[in-house]
$ cat my_file.txt   # compact mmCIF, C-alpha atoms and all ligand atoms
# COMPACT_ATOMS: atom_id res chain seq x y z
CA MET A 1 -25.58 16.74 -20.32
CA GLY A 2 -24.32 13.36 -19.18
CA ARG A 3 -23.54 11.86 -15.79
CA ILE A 4 -20.04 10.47 -16.20
CA ALA A 5 -17.70 9.01 -13.59
CA ILE A 6 -13.96 9.08 -14.27
CA THR A 7 -11.10 6.90 -12.98
CA GLY A 8 -7.57 8.27 -13.19
CA ALA A 9 -8.64 11.93 -12.89
CA THR A 10 -5.63 12.71 -10.67
CA GLY A 11 -3.50 11.65 -13.66
CA PHE A 12 -2.49 13.37 -16.89
CA ILE A 13 -5.22 12.50 -19.40
CA GLY A 14 -7.93 11.80 -16.81
CA GLY A 15 -7.53 15.32 -15.41
CA THR A 16 -8.04 16.79 -18.84
CA VAL A 17 -11.10 14.60 -19.37
CA ALA A 18 -12.52 15.90 -16.08
CA ALA A 19 -11.73 19.52 -17.01
CA VAL A 20 -13.31 19.34 -20.47
CA LEU A 21 -16.44 17.45 -19.39
CA ALA A 22 -16.99 19.79 -16.42
CA GLU A 23 -16.50 22.82 -18.67
CA ARG A 24 -19.12 21.45 -21.08
CA GLY A 25 -21.68 21.02 -18.34
CA ASP A 26 -21.53 17.30 -17.65
CA ASP A 27 -22.25 16.01 -14.16
CA ILE A 28 -18.92 14.34 -13.38
CA ARG A 29 -17.59 12.44 -10.41
CA CYS A 30 -13.92 11.50 -10.11
CA LEU A 31 -13.41 8.11 -8.46
CA VAL A 32 -10.10 8.41 -6.58
CA ARG A 33 -8.31 6.02 -4.26
CA ARG A 34 -7.27 8.67 -1.73
CA ASP A 35 -8.38 12.19 -0.85
CA PRO A 36 -6.70 14.39 -3.49
CA GLY A 37 -6.75 17.46 -1.23
CA GLY A 38 -8.83 20.58 -0.87
CA ASP A 39 -7.79 22.25 -4.12
CA PHE A 40 -8.78 19.32 -6.34
CA PRO A 41 -11.02 21.11 -8.87
CA TRP A 42 -13.79 18.57 -9.53
CA PRO A 43 -16.32 16.56 -7.49
CA PHE A 44 -14.73 13.35 -6.27
CA GLU A 45 -15.48 10.28 -4.24
CA VAL A 46 -12.88 8.15 -2.53
CA VAL A 47 -13.35 4.49 -3.51
CA ASP A 48 -11.55 1.25 -2.87
CA PRO A 49 -10.50 0.23 -6.40
CA THR A 50 -9.82 -3.30 -5.20
CA SER A 51 -13.53 -3.71 -4.38
CA THR A 52 -16.25 -4.13 -7.01
CA GLU A 53 -18.84 -3.26 -4.34
CA SER A 54 -17.15 0.05 -3.58
CA LEU A 55 -17.00 0.93 -7.29
CA THR A 56 -20.63 -0.13 -7.78
CA GLN A 57 -21.84 2.11 -4.95
CA ALA A 58 -19.91 5.08 -6.32
CA LEU A 59 -21.26 4.51 -9.85
CA ASP A 60 -24.89 4.36 -8.80
CA GLY A 61 -26.87 6.94 -10.80
CA TYR A 62 -24.17 7.45 -13.44
CA ASP A 63 -24.69 6.82 -17.19
CA GLY A 64 -21.09 6.06 -17.96
CA ILE A 65 -17.58 5.62 -16.65
CA ALA A 66 -14.45 6.86 -18.42
CA HIS A 67 -11.82 4.41 -17.20
CA LEU A 68 -8.29 5.77 -17.40
CA ALA A 69 -6.64 4.57 -14.17
CA ILE A 70 -3.60 2.34 -14.59
CA LEU A 71 -0.62 1.32 -12.54
CA ASN A 72 1.71 3.54 -14.55
CA ASP A 73 5.10 2.07 -13.68
CA PHE A 74 6.73 0.29 -16.61
CA HIS A 75 9.57 -1.21 -14.59
CA GLY A 76 7.23 -2.06 -11.71
CA LEU A 77 5.05 -4.16 -14.03
CA TYR A 78 7.98 -6.46 -14.68
CA ALA A 79 9.13 -6.46 -11.06
CA ASP A 80 5.71 -7.49 -9.68
CA ARG A 81 3.66 -9.08 -12.44
CA ARG A 82 0.80 -10.02 -10.16
CA ALA A 83 0.34 -6.39 -9.04
CA GLY A 84 0.76 -5.28 -12.66
CA HIS A 85 -1.95 -7.63 -13.87
CA ASP A 86 -4.29 -6.45 -11.14
CA GLY A 87 -3.53 -2.77 -11.83
CA TYR A 88 -4.72 -3.22 -15.43
CA VAL A 89 -6.83 -6.31 -16.07
CA GLY A 90 -8.17 -6.84 -12.53
CA LEU A 91 -9.07 -3.19 -12.08
CA THR A 92 -10.74 -3.07 -15.48
CA ARG A 93 -12.76 -6.21 -14.66
CA ARG A 94 -13.99 -4.63 -11.42
CA VAL A 95 -14.88 -1.39 -13.20
CA VAL A 96 -16.77 -3.33 -15.88
CA ASP A 97 -18.64 -5.44 -13.32
CA ALA A 98 -19.61 -2.30 -11.37
CA ALA A 99 -20.79 -0.59 -14.57
CA ASN A 100 -22.82 -3.66 -15.57
CA ALA A 101 -24.46 -3.70 -12.13
CA VAL A 102 -25.76 -0.13 -12.47
CA GLY A 103 -26.34 -0.09 -16.26
CA ALA A 104 -23.51 2.34 -17.05
CA ARG A 105 -21.50 2.42 -20.30
CA VAL A 106 -17.74 1.83 -20.00
CA GLY A 107 -15.34 3.97 -22.05
CA TYR A 108 -11.87 2.43 -21.71
CA VAL A 109 -8.87 4.49 -22.80
CA SER A 110 -6.27 2.20 -24.34
CA THR A 111 -3.03 2.72 -26.24
CA ASP A 112 -1.32 2.48 -29.63
CA TRP A 113 1.26 0.26 -27.88
CA VAL A 114 -1.12 -2.69 -28.26
CA PHE A 115 0.37 -2.89 -31.78
CA ASP A 116 3.76 -4.37 -32.65
CA GLY A 117 4.94 -1.28 -34.53
CA THR A 118 5.23 -2.88 -37.97
CA GLY A 119 2.09 -1.29 -39.37
CA HIS A 120 1.34 2.23 -40.55
CA LEU A 121 -1.88 4.16 -39.99
CA VAL A 122 -3.55 0.96 -38.87
CA PRO A 123 -7.37 0.87 -38.77
CA GLU A 124 -9.62 0.10 -35.81
CA ASP A 125 -10.00 -3.59 -36.76
CA GLU A 126 -6.24 -4.24 -36.93
CA PRO A 127 -5.54 -7.17 -34.56
CA PRO A 128 -3.20 -6.16 -31.70
CA ASN A 129 0.15 -7.88 -31.25
CA PRO A 130 1.81 -6.27 -28.24
CA VAL A 131 5.58 -6.55 -27.86
CA ASN A 132 5.93 -5.68 -24.17
CA LEU A 133 4.11 -6.23 -20.88
CA TYR A 134 2.42 -2.81 -20.85
CA GLY A 135 0.98 -3.43 -24.33
CA TYR A 136 -0.12 -6.93 -23.34
CA LEU A 137 -1.89 -5.71 -20.19
CA LYS A 138 -3.66 -2.97 -22.16
CA ALA A 139 -4.72 -5.44 -24.88
CA ALA A 140 -5.97 -7.88 -22.24
CA SER A 141 -7.92 -5.06 -20.55
CA GLU A 142 -9.44 -4.14 -23.91
CA LEU A 143 -10.78 -7.69 -24.21
CA VAL A 144 -12.35 -7.45 -20.75
CA VAL A 145 -14.28 -4.38 -21.89
CA LEU A 146 -15.16 -5.76 -25.34
CA HIS A 147 -16.37 -9.13 -24.06
CA ARG A 148 -17.62 -8.43 -20.53
CA ALA A 149 -19.15 -4.94 -20.57
CA ARG A 150 -22.85 -4.90 -21.47
CA GLU A 151 -22.29 -1.47 -22.99
CA GLY A 152 -18.84 -0.18 -23.66
CA PHE A 153 -16.11 0.88 -26.04
CA VAL A 154 -12.32 0.92 -26.25
CA ALA A 155 -10.68 4.19 -27.31
CA ARG A 156 -7.03 3.80 -28.31
CA VAL A 157 -4.87 6.90 -28.05
CA GLY A 158 -1.19 7.55 -28.66
CA GLY A 159 1.35 10.36 -28.90
CA VAL A 160 -0.66 12.31 -26.34
CA GLN A 161 0.31 15.95 -25.79
CA GLY A 162 -1.08 18.30 -23.16
CA LEU A 163 -0.66 19.80 -19.72
CA HIS A 164 -1.20 17.90 -16.50
CA GLN A 165 -4.19 19.64 -14.93
CA THR A 166 -3.38 19.17 -11.26
CA MET A 167 0.41 18.70 -11.21
CA SER A 168 2.06 21.92 -12.38
CA GLY A 169 5.60 20.53 -12.71
CA GLY A 170 5.07 17.75 -15.14
CA PRO A 171 5.51 15.19 -16.48
CA ARG A 172 7.27 16.86 -19.41
CA SER A 173 10.43 15.08 -20.53
CA GLN A 174 11.26 13.08 -23.65
CA ASP A 175 11.02 9.30 -23.34
CA VAL A 176 11.01 6.34 -25.71
CA GLY A 177 7.34 6.98 -26.47
CA PHE A 178 5.80 10.17 -27.88
CA GLY A 179 4.01 11.39 -24.73
CA TYR A 180 5.15 14.82 -23.43
CA PHE A 181 7.59 15.17 -26.37
CA VAL A 182 6.30 18.58 -27.47
CA LEU A 183 6.27 20.14 -24.00
CA ALA A 184 9.82 18.92 -23.40
CA LEU A 185 10.97 20.45 -26.69
CA VAL A 186 9.13 23.74 -26.13
CA ASP A 187 10.48 24.08 -22.58
CA SER A 188 14.06 23.60 -23.79
CA LEU A 189 13.90 25.90 -26.80
CA ARG A 190 12.01 28.65 -24.99
CA GLY A 191 14.74 28.53 -22.35
CA GLY A 192 17.37 28.98 -25.08
CA ASN A 193 18.67 25.45 -24.55
CA ARG A 194 19.57 22.86 -27.16
CA PHE A 195 17.34 19.78 -27.53
CA THR A 196 18.34 16.42 -28.94
CA VAL A 197 15.51 14.59 -30.66
CA TRP A 198 16.12 10.90 -30.14
CA GLU A 199 16.23 8.80 -33.28
CA ASP A 200 16.75 5.08 -32.99
CA PRO A 201 15.15 1.96 -34.50
CA ALA A 202 14.52 0.59 -30.99
CA ILE A 203 12.22 3.42 -29.86
CA ASN A 204 8.72 4.56 -30.82
CA SER A 205 9.50 6.54 -33.96
CA VAL A 206 6.21 7.16 -35.81
CA ALA A 207 2.85 8.06 -34.27
CA THR A 208 -0.31 10.09 -34.85
CA PRO A 209 -0.17 12.62 -31.99
CA ILE A 210 -3.33 14.02 -30.48
CA VAL A 211 -3.88 16.56 -27.71
CA SER A 212 -5.46 15.29 -24.51
CA ALA A 213 -8.15 17.99 -24.84
CA GLN A 214 -9.37 16.37 -28.07
CA ILE A 215 -9.34 12.92 -26.45
CA ALA A 216 -11.72 14.34 -23.86
CA SER A 217 -14.00 15.79 -26.52
CA LEU A 218 -14.09 12.50 -28.47
CA LEU A 219 -14.80 10.52 -25.30
CA ARG A 220 -17.80 12.72 -24.64
CA ARG A 221 -19.07 12.18 -28.20
CA ALA A 222 -18.60 8.43 -27.84
CA PHE A 223 -20.70 8.39 -24.64
CA ASP A 224 -23.34 10.68 -26.19
CA ARG A 225 -23.68 8.45 -29.24
CA GLY A 226 -23.65 5.16 -27.36
CA ALA A 227 -20.51 3.96 -29.12
CA SER A 228 -19.33 0.36 -28.88
CA GLY A 229 -16.36 -1.65 -30.15
CA VAL A 230 -12.89 -0.28 -30.85
CA LEU A 231 -12.32 3.39 -31.62
CA HIS A 232 -9.10 5.17 -32.62
CA PHE A 233 -8.72 8.66 -31.19
CA ALA A 234 -5.82 9.60 -33.44
CA GLY A 235 -4.44 12.80 -34.87
CA GLY A 236 -4.75 13.24 -38.63
CA THR A 237 -1.00 13.16 -39.41
CA ALA A 238 1.49 10.33 -38.99
CA VAL A 239 4.78 11.93 -37.95
CA THR A 240 8.29 10.84 -37.14
CA ARG A 241 9.96 12.36 -34.09
CA ARG A 242 11.88 14.65 -36.49
CA ASP A 243 8.64 15.70 -38.28
CA LEU A 244 7.09 16.49 -34.90
CA ALA A 245 10.08 18.57 -33.80
CA GLU A 246 10.05 20.53 -37.07
CA ALA A 247 6.28 21.12 -36.92
CA THR A 248 6.58 22.27 -33.30
CA CYS A 249 9.26 24.81 -34.23
CA ARG A 250 7.04 26.14 -37.05
CA VAL A 251 3.83 26.39 -35.01
CA PHE A 252 5.44 27.73 -31.82
CA GLY A 253 7.88 30.02 -33.69
CA LEU A 254 10.93 28.38 -32.13
CA ASP A 255 14.55 28.30 -33.35
CA ALA A 256 14.96 24.99 -35.19
CA GLY A 257 18.73 25.62 -35.11
CA LEU A 258 18.72 24.56 -31.46
CA VAL A 259 17.43 21.09 -32.37
CA SER A 260 19.82 18.23 -33.03
CA TYR A 261 19.23 14.53 -33.64
CA GLY A 262 20.85 11.51 -32.05
CA PRO A 263 20.31 8.25 -30.17
CA PRO A 264 18.74 8.25 -26.70
CA PRO A 265 21.04 7.86 -23.70
CA ASP A 266 21.24 4.29 -22.41
CA SER A 267 19.56 5.44 -19.19
CA ALA A 268 16.40 6.27 -21.16
CA ARG A 269 16.06 2.84 -22.75
CA ILE A 270 13.59 0.42 -21.22
CA PRO A 271 14.35 -3.27 -20.74
CA ALA A 272 11.77 -4.47 -23.24
CA PRO A 273 10.96 -4.10 -26.94
CA VAL A 274 9.24 -0.86 -28.00
CA PRO A 275 6.95 -0.68 -31.07
CA TYR A 276 8.47 1.40 -33.90
CA ASP A 277 5.49 2.74 -35.92
CA THR A 278 2.31 3.00 -33.86
CA SER A 279 0.46 5.40 -36.14
CA MET A 280 -3.28 4.76 -36.25
CA SER A 281 -6.00 5.82 -38.64
CA GLY A 282 -8.83 7.56 -36.83
CA GLU A 283 -10.92 8.31 -39.92
CA VAL A 284 -13.62 5.66 -39.35
CA THR A 285 -13.96 6.67 -35.70
CA ALA A 286 -14.17 10.36 -36.57
CA ALA A 287 -16.97 9.72 -39.09
CA LEU A 288 -18.80 7.54 -36.57
CA LEU A 289 -18.63 10.33 -34.02
CA GLY A 290 -19.72 13.03 -36.48
CA THR A 291 -16.41 14.87 -36.62
CA ARG A 292 -13.10 14.71 -38.46
CA THR A 293 -9.45 14.20 -37.68
CA TRP A 294 -7.12 17.15 -37.18
CA ALA A 295 -3.68 17.65 -38.72
CA ILE A 296 -0.55 17.97 -36.61
CA GLU A 297 -0.48 21.77 -37.01
CA ASP A 298 -4.01 21.95 -35.52
CA GLN A 299 -3.01 19.69 -32.63
CA LEU A 300 0.02 21.86 -31.91
CA GLY A 301 -2.07 25.04 -32.19
CA SER A 302 -4.44 23.65 -29.58
CA LEU A 303 -1.50 22.83 -27.31
CA GLU A 304 -0.06 26.32 -27.75
CA GLN A 305 -3.40 27.81 -26.67
CA GLU A 306 -3.56 25.42 -23.72
CA ILE A 307 -0.09 26.48 -22.57
CA SER A 308 -0.95 30.18 -22.77
CA SER A 309 -4.43 29.92 -21.22
CA GLY A 310 -3.81 27.03 -18.80
CA ARG A 311 -7.03 25.40 -20.01
CA PRO A 312 -7.45 22.50 -22.45
CA VAL A 313 -8.68 23.55 -25.89
CA PRO A 314 -10.55 20.76 -27.75
CA LEU A 315 -10.54 20.93 -31.56
CA SER A 316 -14.20 19.96 -31.98
N1 LIG A 401 0.07 9.37 -21.31
C1 LIG A 401 0.13 8.86 -22.52
O1 LIG A 401 0.90 9.33 -23.37
C2 LIG A 401 -0.78 7.71 -22.90
C3 LIG A 401 -0.66 7.16 -24.19
C4 LIG A 401 -1.51 6.12 -24.54
C5 LIG A 401 -2.47 5.64 -23.66
N2 LIG A 401 -2.54 6.17 -22.41
C6 LIG A 401 -3.55 5.65 -21.49
O2 LIG A 401 -4.26 6.72 -20.91
C7 LIG A 401 -4.62 6.40 -19.57
C8 LIG A 401 -4.20 7.50 -18.65
O3 LIG A 401 -2.79 7.62 -18.71
P1 LIG A 401 -2.02 8.81 -17.98
O4 LIG A 401 -0.73 9.01 -18.67
O5 LIG A 401 -2.96 9.94 -17.80
O6 LIG A 401 -1.73 8.13 -16.55
P2 LIG A 401 -1.18 8.77 -15.19
O7 LIG A 401 -0.95 10.23 -15.34
O8 LIG A 401 -0.04 7.94 -14.73
O9 LIG A 401 -2.41 8.56 -14.18
C9 LIG A 401 -2.70 7.29 -13.69
C10 LIG A 401 -3.95 7.38 -12.85
O10 LIG A 401 -4.33 6.07 -12.41
C11 LIG A 401 -4.53 6.09 -10.99
N3 LIG A 401 -4.15 4.78 -10.45
C12 LIG A 401 -2.96 4.20 -10.47
N4 LIG A 401 -3.01 2.98 -9.94
C13 LIG A 401 -4.28 2.79 -9.55
C14 LIG A 401 -4.96 1.72 -8.91
N5 LIG A 401 -4.33 0.59 -8.58
N6 LIG A 401 -6.28 1.87 -8.66
C15 LIG A 401 -6.92 3.00 -9.01
N7 LIG A 401 -6.32 4.04 -9.61
C16 LIG A 401 -5.02 3.93 -9.87
C17 LIG A 401 -3.65 7.22 -10.49
O11 LIG A 401 -4.15 7.65 -9.26
P3 LIG A 401 -3.23 8.16 -8.03
O12 LIG A 401 -3.16 9.66 -8.18
O13 LIG A 401 -3.99 7.74 -6.84
O14 LIG A 401 -1.90 7.49 -8.17
C18 LIG A 401 -3.82 8.25 -11.61
O15 LIG A 401 -5.02 8.97 -11.43
C19 LIG A 401 -3.99 5.05 -19.26
O16 LIG A 401 -4.98 4.05 -19.39
C20 LIG A 401 -2.93 4.88 -20.33
O17 LIG A 401 -2.73 3.52 -20.65
C21 LIG A 401 -1.71 7.20 -22.01
$ encode --input "my_file.txt" --output "structure tokens"
Amino acid sequence: MGRIAITGATGFIGGTVAAVLAERGDDIRCLVRRDPGGDFPWPFEVVDPTSTESLTQALDGYDGIAHLAILNDFHGLYADRRAGHDGYVGLTRRVVDAANAVGARVGYVSTDWVFDGTGHLVPEDEPPNPVNLYGYLKAASELVVLHRAREGFVARVGGVQGLHQTMSGGPRSQDVGFGYFVLALVDSLRGGNRFTVWEDPAINSVATPIVSAQIASLLRRAFDRGASGVLHFAGGTAVTRRDLAEATCRVFGLDAGLVSYGPPPDSARIPAPVPYDTSMSGEVTAALLGTRTWAIEDQLGSLEQEISSGRPVPLS
């Protein structure tokens, strides 16, 4: 059993990390910036994320911190670059300094969007080359962890599928990345509605999807084993958006006849380049953590169980 603090636990992946670690008996504490309300399911402490001292006090006695909080507002990053930089790089620097002060290991969740999208199944030592501000800020935050944390690792994830643990409504709509794609498709087809899978060279078109439940499980292994350096928490299958739609129909038993293919609406495009193929190889990481990667059908099976039970279902 570990003592792990978590930033971003009111968010999508952070909530799943909290749920899985709590379920497995870890002593967790969610560091939040405002009181999340009486029905928040896990122990929390309100901190001032702009203050290293506040973060240090909250981390006292903890072995590690899973850092997932980000200023998740793609347009806002461009509109206010100073706030954007602080919401990624500044916040990560404060988290790292607090962790160093109390001797805690930092586990930083990063993204496949640190790559430029010209690779395929890229390994952990592939040098990043971000093509937009979000990717740049994540790559810069990675360097803070890699070069400033006394003990720490970077875990890149992409194509993340799963339920939001504390926000029942969403998010669950298709965008120019792969996140939430499967839930959006399942919602439409189960409702008897048609779904257009976006295909376009200017959007993220190939990835290695993984369920958020498995990200949580791999994070726990990485803390347990004292991991360092760059890890890839990737699913075992590189898929196009079309492959993912077809696999979802097979695994969920949905009518593939309701699926069509076409370009995204202009309103969905973002005013910056988007990496095309962000598939990552997670084989080296999996071996390091004493597990294996899981094919897309396994990832979708886990998601199907999560939807029916309401609880995340890690694959290992
Ligand atoms: N979702 C994906 O598909 C995906 C893919 C690749 C990588 N990632 C990475 O995974 C991590 C989690 O992403 P997510 O999708 O779960 O994010 P999310 O749902 O948008 O959650 C963001 C979290 O960060 C907190 N936060 C925002 N600004 C903050 C600030 N200035 N100080 C402290 N906390 C702040 C939010 O807290 P409040 O509730 O207080 O706003 C929330 O808990 C991120 O690092 C992201 O880069 C996500």
$ residues_near_ligand --input "my_file.txt" --ligand "ligand LIG 401 (chain A)" --cutoff "9 Å" --atoms "all atoms listed in the file" --output "PyMOL selection string"
chain A and resi 7-16+31-36+47-50+67-73+83-84+86-88+91+108-113+134-135+138+156-161+164+171+177-180+212
$ atom_distance --input "my_file.txt" --atom1 "CA of Trp294 in chain A" --atom2 "CA of Ser316 in chain A"
9.2 Å
$ closest_residue --input "my_file.txt" --among "A:Ser228, A:Thr166, A:Thr208, A:Thr118" --to "Val106 in chain A" --atoms "all atoms listed in the file"
A:Ser228
$ atom_distance --input "my_file.txt" --atom1 "CA of Pro264 in chain A" --atom2 "CA of Arg194 in chain A"
14.6 Å
$ closest_atom_pairs --input "my_file.txt" --of "range 272-314 of chain A" --to "range 242-250 of chain A" --cutoff "9 Å" --atoms "only C-alpha atoms" --output "JSON lines"
{"residue": "A:Ile296", "atom": "CA", "partner": "A:Ala247", "partner_atom": "CA", "distance": 7.5}
{"residue": "A:Glu297", "atom": "CA", "partner": "A:Ala247", "partner_atom": "CA", "distance": 6.8}
{"residue": "A:Leu300", "atom": "CA", "partner": "A:Thr248", "partner_atom": "CA", "distance": 6.7}
$ residues_near_point --input "my_file.txt" --point "(10.3, 7.4, -39.6)" --cutoff "7 Å" --atoms "all atoms listed in the file" --output "list in words"
Ser205, Val206 and Thr240 of chain A
$ closest_residue --input "my_file.txt" --among "A:Glu151, A:Val182, A:Pro265, A:Pro271" --to "Gln299 in chain A" --atoms "all atoms listed in the file"
A:Val182
$ atom_distance --input "my_file.txt" --atom1 "CA of His120 in chain A" --atom2 "CA of Ala256 in chain A"
27.1 Å
